[in-house]
Amino acid sequence: MDRSEQWIKTMTSAGLNLIAQALSIYDNNLQLAVCNRRFQEMFHLPDRLIRPGARFDDTIRYLAQRGDYGEVADIDALVQHRVQQARAFVPHYFERIRANGQVISIEGAPLPQGGWVTVYTDITRTKRVEELLRARSEELSGQLLAHAEELSTTNRKLAATISALEEAQRQLTEIEARTRLTTEMMPAHIAHADRDGHYTYSNRRLSAVMPGRPSDIVGLHISEALGPEAFAKIEPHLQAAYGGDSPVFEFNEAHDGRRIRVAFTPDGSGGVYILSMDVTTETQTRVALQQSRRRAMAAQMTSGLAHDFSNLLTIILGMMSKMEKMDLPEEAAELVTATQATAQRGGRLLNRIADMTGNRTLRPRATDMHGLLDDLKLLATPTLPRGIGLSVLDHTPDEALMLDAGMLQDALLNLVLNARDACGTNGLIAVSAHAIGRIWIEIAVTDTGPGFSKEALERGLNPFFTTKGSEGSGLGLPMVYDMVKLAGGDMRLGNSPTGAVVTLRLPYRAAPNAQGGLALLVEDNEDLRATFRDMLVDLGHTVIEATSADEASALAADIEDIALVLSDIKLEGAATGIDLLKRLPRALPCILMTSLPPSDPLHREALTRGPVLRKPFTRAQLSALIRTEETT
């Protein structure tokens with residue numbers, strides 16, 4: 001329990017103890033929720049029966065056994081009867097005389113969330129005054145006396161009811177405050193609209209989910225709060241909700257391309273509850289995962305076929321090589337040469353297929369877009385004829401972004417070369433890049449060629465479709481598309497008034513402050529590798545990855561600025577993480593991790609080499625061990 005809840009509980013108890021009447025609140029399970037000190041004093045209850053959770057039937061049994069209800073022939077029957085009355089949860093009022101002669105009134109009222117609050121009032125003195133009044137007021141008519149008694153009883157009932165209602169109101173106010181606080185903290189817009197489309201409630205999170213919209217929208221119409229363009233996208237679903245359906249749908253914001261998911265739920269009285277959230281990151285991740293699965297399926301389908309086809313091409317080339325040495329007519333020699341060229345082209349095509357369906361793992365790291373675009377111009381310019389110009393328009397942010405710089409540069413270079421082929425000997429190629437909010441990085445490659453044909457617009461991203469005849473493989477654009485999808489982005493083909501346009505959209509992911517330096521992560525389990533990579537990135541590291549000791553050794557030999565090595569002990573292949581430590585070209589801070597028990601020989605040997613993290617571990621544990629390594 002935090003300090004605020006303890007303070008509320010203390011103040012509540014103090015307030016209840018100020019009430020002159022005894023008060024108890026039981027929940028819908030007939031267990032005590034709260035009572036005041038007067039409740040214990042009036043019935044002389046032991047401490048165990050005034051603690052939260054004490055059972056109602058235990059209290060009735062205790063009072064019955066002590067004789068509070070007078071002579072009772074069957075205590076169990078009495079307890080059962082009182083419990084049945086309590087479970088009815090209906091308002092009630094009655095008066096009873098206790099065994100000690102005390103007269104009390106009992107007023108009970110149900111609570112909205114179940115259970116009830118009961119007020120007990122000592123009316124002994126009031127009853128005695130009534131009896132004295134009856135004895136000494138012979139002049140009062142029986143009708144007047146009865147009226148006075150009825151009025152007195154009504155006043156007592158009213159006082160008890162007011163106390164119960166005030167307590168219920170206090171609880172409802174507290175529940176409402178907590179509910180509003182909870183909705184304000186949720187990363188989603190929660191609202192209610194009436195049958196005319198006007199907001200009656202909102203948690204003030206609309207501007208967080210859809211930037212540019214107002215936060216204070218209660219009383220506004222949905223179209224006024226969202227704007228005409230967004231409202232046009234949701235209106236059919238809203239009408240369906242007014243008709244009794246519960247639609248859940250997604251749409252893209254026009255100005256920054258973020259993805260919004262909305263759920264409408266009818267409230268049963270003509271209005272609609274609304275839940276909307278920004279699912280852009282989720283969508284980007286889902287797109288990347290789907291692309292990875294497609295690639296895995298493609299690799300599974302083509303690996304066997306490519307192997308057999310490669311063997312056939314090898315046989316064909318061998319036969320042509322023998323035929324080339326034979327004394328053949330000139331026409332036959334030309335056929336042999338053509339067959340060899342075709343077989344070699346088939347081999348190159350197989351290699352491209354292997355590149356496309358093989359294990360292409362994105363390795364995002366902090367990337368300076370300005371430097372990447374400068375390098376692109378430097379690499380692409382020598383490949384262009386003198387009559388073709390290349391311009392690079394860089395409007396990207398100054399901060400580093402998490403991108404696979406190698407894959408992105410290869411993709412852009414591929415697009416520039418395609419644009420060169422489209423332009424012929426004269427023309428202009430332009431590469432422009434800019435940010436769309438903090439959601440996307442958009443890069444467009446345009447040229448002044450003839451543009452895409454209708455068929456190319458429809459099929460240009462399909463593998464093996466080409467407009468270059470025998471000169472093209474039809475895998476260039478699909479490989480670029482594959483890279484973009486693996487990153488969680490999208491790619492579009494189009495035409496401008498001057499030529500073709502290829503537009504890439506990649507998720508805008510700012511790189512963390514990489515004060516931790518470059519970390520080499522060695523883990524052969526893909527899911528675990530992703531988890532550990534996120535931990536290292538959150539701790540300020542740029543990460544490169546390997547799945548085996550051999551691969552990690554090669555990276556460590558080629559890259560001099562590695563500041564930390566985090567490696568599993570058991571890796572794919574024969575070499576272990578311990579072997580990797582022995583192969584490192586220089587002394588580096590190294591942390592080994594494992595799920596092996598401490599009794600395992602590899603675990604014991606690892607402990608002699610350096611620190612070992614037992615899986616699973618938290619980011620805090622990893623951070624603490626990294627700081628220890630950096631200071632030793």
# chains A, B, ... in the order shown; residues from 1 in each chain; ligands from 1

call {"tool": "residues_around", "arguments": {"residues": "segment 231-242 of chain A", "least_positions_apart": "4", "cutoff": "7 Å", "atoms": "only C-alpha atoms", "output": "ChimeraX atom specification"}}
result
/A:223,226-227,246-247,264-266,270,272

call {"tool": "residues_around", "arguments": {"residues": "segment 555-568 of chain A", "least_positions_apart": "3", "cutoff": "6 Å", "atoms": "only C-alpha atoms", "output": "list in words"}}
result
Gly517, Leu518, Ala519, Leu520, Leu521, Val522, Glu523, Ala552, Gly577, Pro589, Cys590, Ile591, Leu592, Met593 and Thr594 of chain A

call {"tool": "write_last_selection", "arguments": {"atoms": "all heavy atoms", "output": "mmCIF file, in the first residue's frame"}}
result
data_model
loop_
_atom_site.group_PDB
_atom_site.id
_atom_site.type_symbol
_atom_site.label_atom_id
_atom_site.label_comp_id
_atom_site.auth_asym_id
_atom_site.auth_seq_id
_atom_site.Cartn_x
_atom_site.Cartn_y
_atom_site.Cartn_z
ATOM 1 N N GLY A 517 29.059 2.969 -26.503
ATOM 2 C CA GLY A 517 29.956 2.447 -27.511
ATOM 3 C C GLY A 517 29.357 1.273 -28.248
ATOM 4 O O GLY A 517 28.180 0.940 -28.123
ATOM 5 N N LEU A 518 30.184 0.603 -29.031
ATOM 6 C CA LEU A 518 29.761 -0.496 -29.889
ATOM 7 C C LEU A 518 29.852 -1.813 -29.121
ATOM 8 O O LEU A 518 30.901 -2.143 -28.557
ATOM 9 C CB LEU A 518 30.636 -0.537 -31.148
ATOM 10 C CG LEU A 518 30.306 -1.614 -32.186
ATOM 11 C CD1 LEU A 518 28.914 -1.394 -32.753
ATOM 12 C CD2 LEU A 518 31.352 -1.598 -33.299
ATOM 13 N N ALA A 519 28.754 -2.560 -29.110
ATOM 14 C CA ALA A 519 28.711 -3.852 -28.419
ATOM 15 C C ALA A 519 28.566 -4.967 -29.438
ATOM 16 O O ALA A 519 27.784 -4.865 -30.383
ATOM 17 C CB ALA A 519 27.554 -3.893 -27.425
ATOM 18 N N LEU A 520 29.326 -6.039 -29.254
ATOM 19 C CA LEU A 520 29.226 -7.234 -30.081
ATOM 20 C C LEU A 520 28.381 -8.256 -29.324
ATOM 21 O O LEU A 520 28.776 -8.740 -28.254
ATOM 22 C CB LEU A 520 30.623 -7.808 -30.376
ATOM 23 C CG LEU A 520 30.667 -9.183 -31.067
ATOM 24 C CD1 LEU A 520 29.923 -9.141 -32.395
ATOM 25 C CD2 LEU A 520 32.115 -9.633 -31.271
ATOM 26 N N LEU A 521 27.205 -8.560 -29.861
ATOM 27 C CA LEU A 521 26.274 -9.504 -29.246
ATOM 28 C C LEU A 521 26.360 -10.829 -29.996
ATOM 29 O O LEU A 521 26.163 -10.876 -31.208
ATOM 30 C CB LEU A 521 24.842 -8.954 -29.306
ATOM 31 C CG LEU A 521 23.707 -9.893 -28.895
ATOM 32 C CD1 LEU A 521 23.858 -10.333 -27.449
ATOM 33 C CD2 LEU A 521 22.353 -9.238 -29.131
ATOM 34 N N VAL A 522 26.631 -11.913 -29.258
ATOM 35 C CA VAL A 522 26.793 -13.231 -29.873
ATOM 36 C C VAL A 522 25.762 -14.168 -29.249
ATOM 37 O O VAL A 522 25.880 -14.544 -28.066
ATOM 38 C CB VAL A 522 28.222 -13.783 -29.655
ATOM 39 C CG1 VAL A 522 28.448 -14.995 -30.553
ATOM 40 C CG2 VAL A 522 29.264 -12.713 -29.916
ATOM 41 N N GLU A 523 24.731 -14.520 -30.019
ATOM 42 C CA GLU A 523 23.631 -15.370 -29.541
ATOM 43 C C GLU A 523 23.007 -16.055 -30.757
ATOM 44 O O GLU A 523 22.674 -15.386 -31.742
ATOM 45 C CB GLU A 523 22.594 -14.523 -28.795
ATOM 46 C CG GLU A 523 21.288 -15.215 -28.465
ATOM 47 C CD GLU A 523 21.460 -16.403 -27.553
ATOM 48 O OE1 GLU A 523 21.859 -16.203 -26.384
ATOM 49 O OE2 GLU A 523 21.202 -17.534 -28.018
ATOM 50 N N ALA A 552 31.726 -14.149 -34.868
ATOM 51 C CA ALA A 552 32.084 -13.087 -33.927
ATOM 52 C C ALA A 552 33.580 -12.792 -33.971
ATOM 53 O O ALA A 552 34.002 -11.633 -33.887
ATOM 54 C CB ALA A 552 31.667 -13.486 -32.514
ATOM 55 N N GLY A 577 31.284 -19.863 -26.420
ATOM 56 C CA GLY A 577 31.614 -18.493 -26.044
ATOM 57 C C GLY A 577 32.951 -18.411 -25.331
ATOM 58 O O GLY A 577 33.661 -17.395 -25.423
ATOM 59 N N PRO A 589 36.269 -5.844 -22.602
ATOM 60 C CA PRO A 589 35.321 -6.235 -21.553
ATOM 61 C C PRO A 589 34.355 -7.279 -22.103
ATOM 62 O O PRO A 589 33.700 -7.051 -23.122
ATOM 63 C CB PRO A 589 34.606 -4.923 -21.224
ATOM 64 C CG PRO A 589 35.515 -3.842 -21.707
ATOM 65 C CD PRO A 589 36.225 -4.406 -22.893
ATOM 66 N N CYS A 590 34.277 -8.437 -21.458
ATOM 67 C CA CYS A 590 33.460 -9.540 -21.956
ATOM 68 C C CYS A 590 32.550 -10.053 -20.853
ATOM 69 O O CYS A 590 32.983 -10.207 -19.699
ATOM 70 C CB CYS A 590 34.334 -10.691 -22.460
ATOM 71 S SG CYS A 590 35.411 -10.240 -23.834
ATOM 72 N N ILE A 591 31.317 -10.309 -21.217
ATOM 73 C CA ILE A 591 30.340 -10.896 -20.299
ATOM 74 C C ILE A 591 29.758 -12.124 -20.982
ATOM 75 O O ILE A 591 29.287 -12.040 -22.121
ATOM 76 C CB ILE A 591 29.216 -9.909 -19.949
ATOM 77 C CG1 ILE A 591 29.775 -8.677 -19.233
ATOM 78 C CG2 ILE A 591 28.154 -10.578 -19.082
ATOM 79 C CD1 ILE A 591 28.757 -7.593 -18.985
ATOM 80 N N LEU A 592 29.797 -13.250 -20.294
ATOM 81 C CA LEU A 592 29.190 -14.470 -20.805
ATOM 82 C C LEU A 592 27.826 -14.666 -20.159
ATOM 83 O O LEU A 592 27.588 -14.212 -19.035
ATOM 84 C CB LEU A 592 30.082 -15.674 -20.512
ATOM 85 C CG LEU A 592 31.430 -15.705 -21.251
ATOM 86 C CD1 LEU A 592 32.278 -16.861 -20.760
ATOM 87 C CD2 LEU A 592 31.230 -15.806 -22.757
ATOM 88 N N MET A 593 26.921 -15.322 -20.871
ATOM 89 C CA MET A 593 25.588 -15.588 -20.338
ATOM 90 C C MET A 593 25.222 -17.032 -20.665
ATOM 91 O O MET A 593 25.686 -17.590 -21.665
ATOM 92 C CB MET A 593 24.558 -14.617 -20.930
ATOM 93 C CG MET A 593 24.563 -14.524 -22.430
ATOM 94 S SD MET A 593 23.493 -13.223 -23.057
ATOM 95 C CE MET A 593 23.840 -13.314 -24.815
ATOM 96 N N THR A 594 24.387 -17.632 -19.804
ATOM 97 C CA THR A 594 24.058 -19.030 -20.005
ATOM 98 C C THR A 594 22.824 -19.414 -19.209
ATOM 99 O O THR A 594 22.465 -18.745 -18.225
ATOM 100 C CB THR A 594 25.230 -19.936 -19.582
ATOM 101 O OG1 THR A 594 24.932 -21.278 -19.927
ATOM 102 C CG2 THR A 594 25.464 -19.858 -18.076
#

call {"tool": "closest_residue", "arguments": {"among": "A:Ile106, A:Ala405, A:Ile274, A:Val34", "to": "Leu49 of chain A", "atoms": "only C-alpha atoms"}}
result
A:Val34
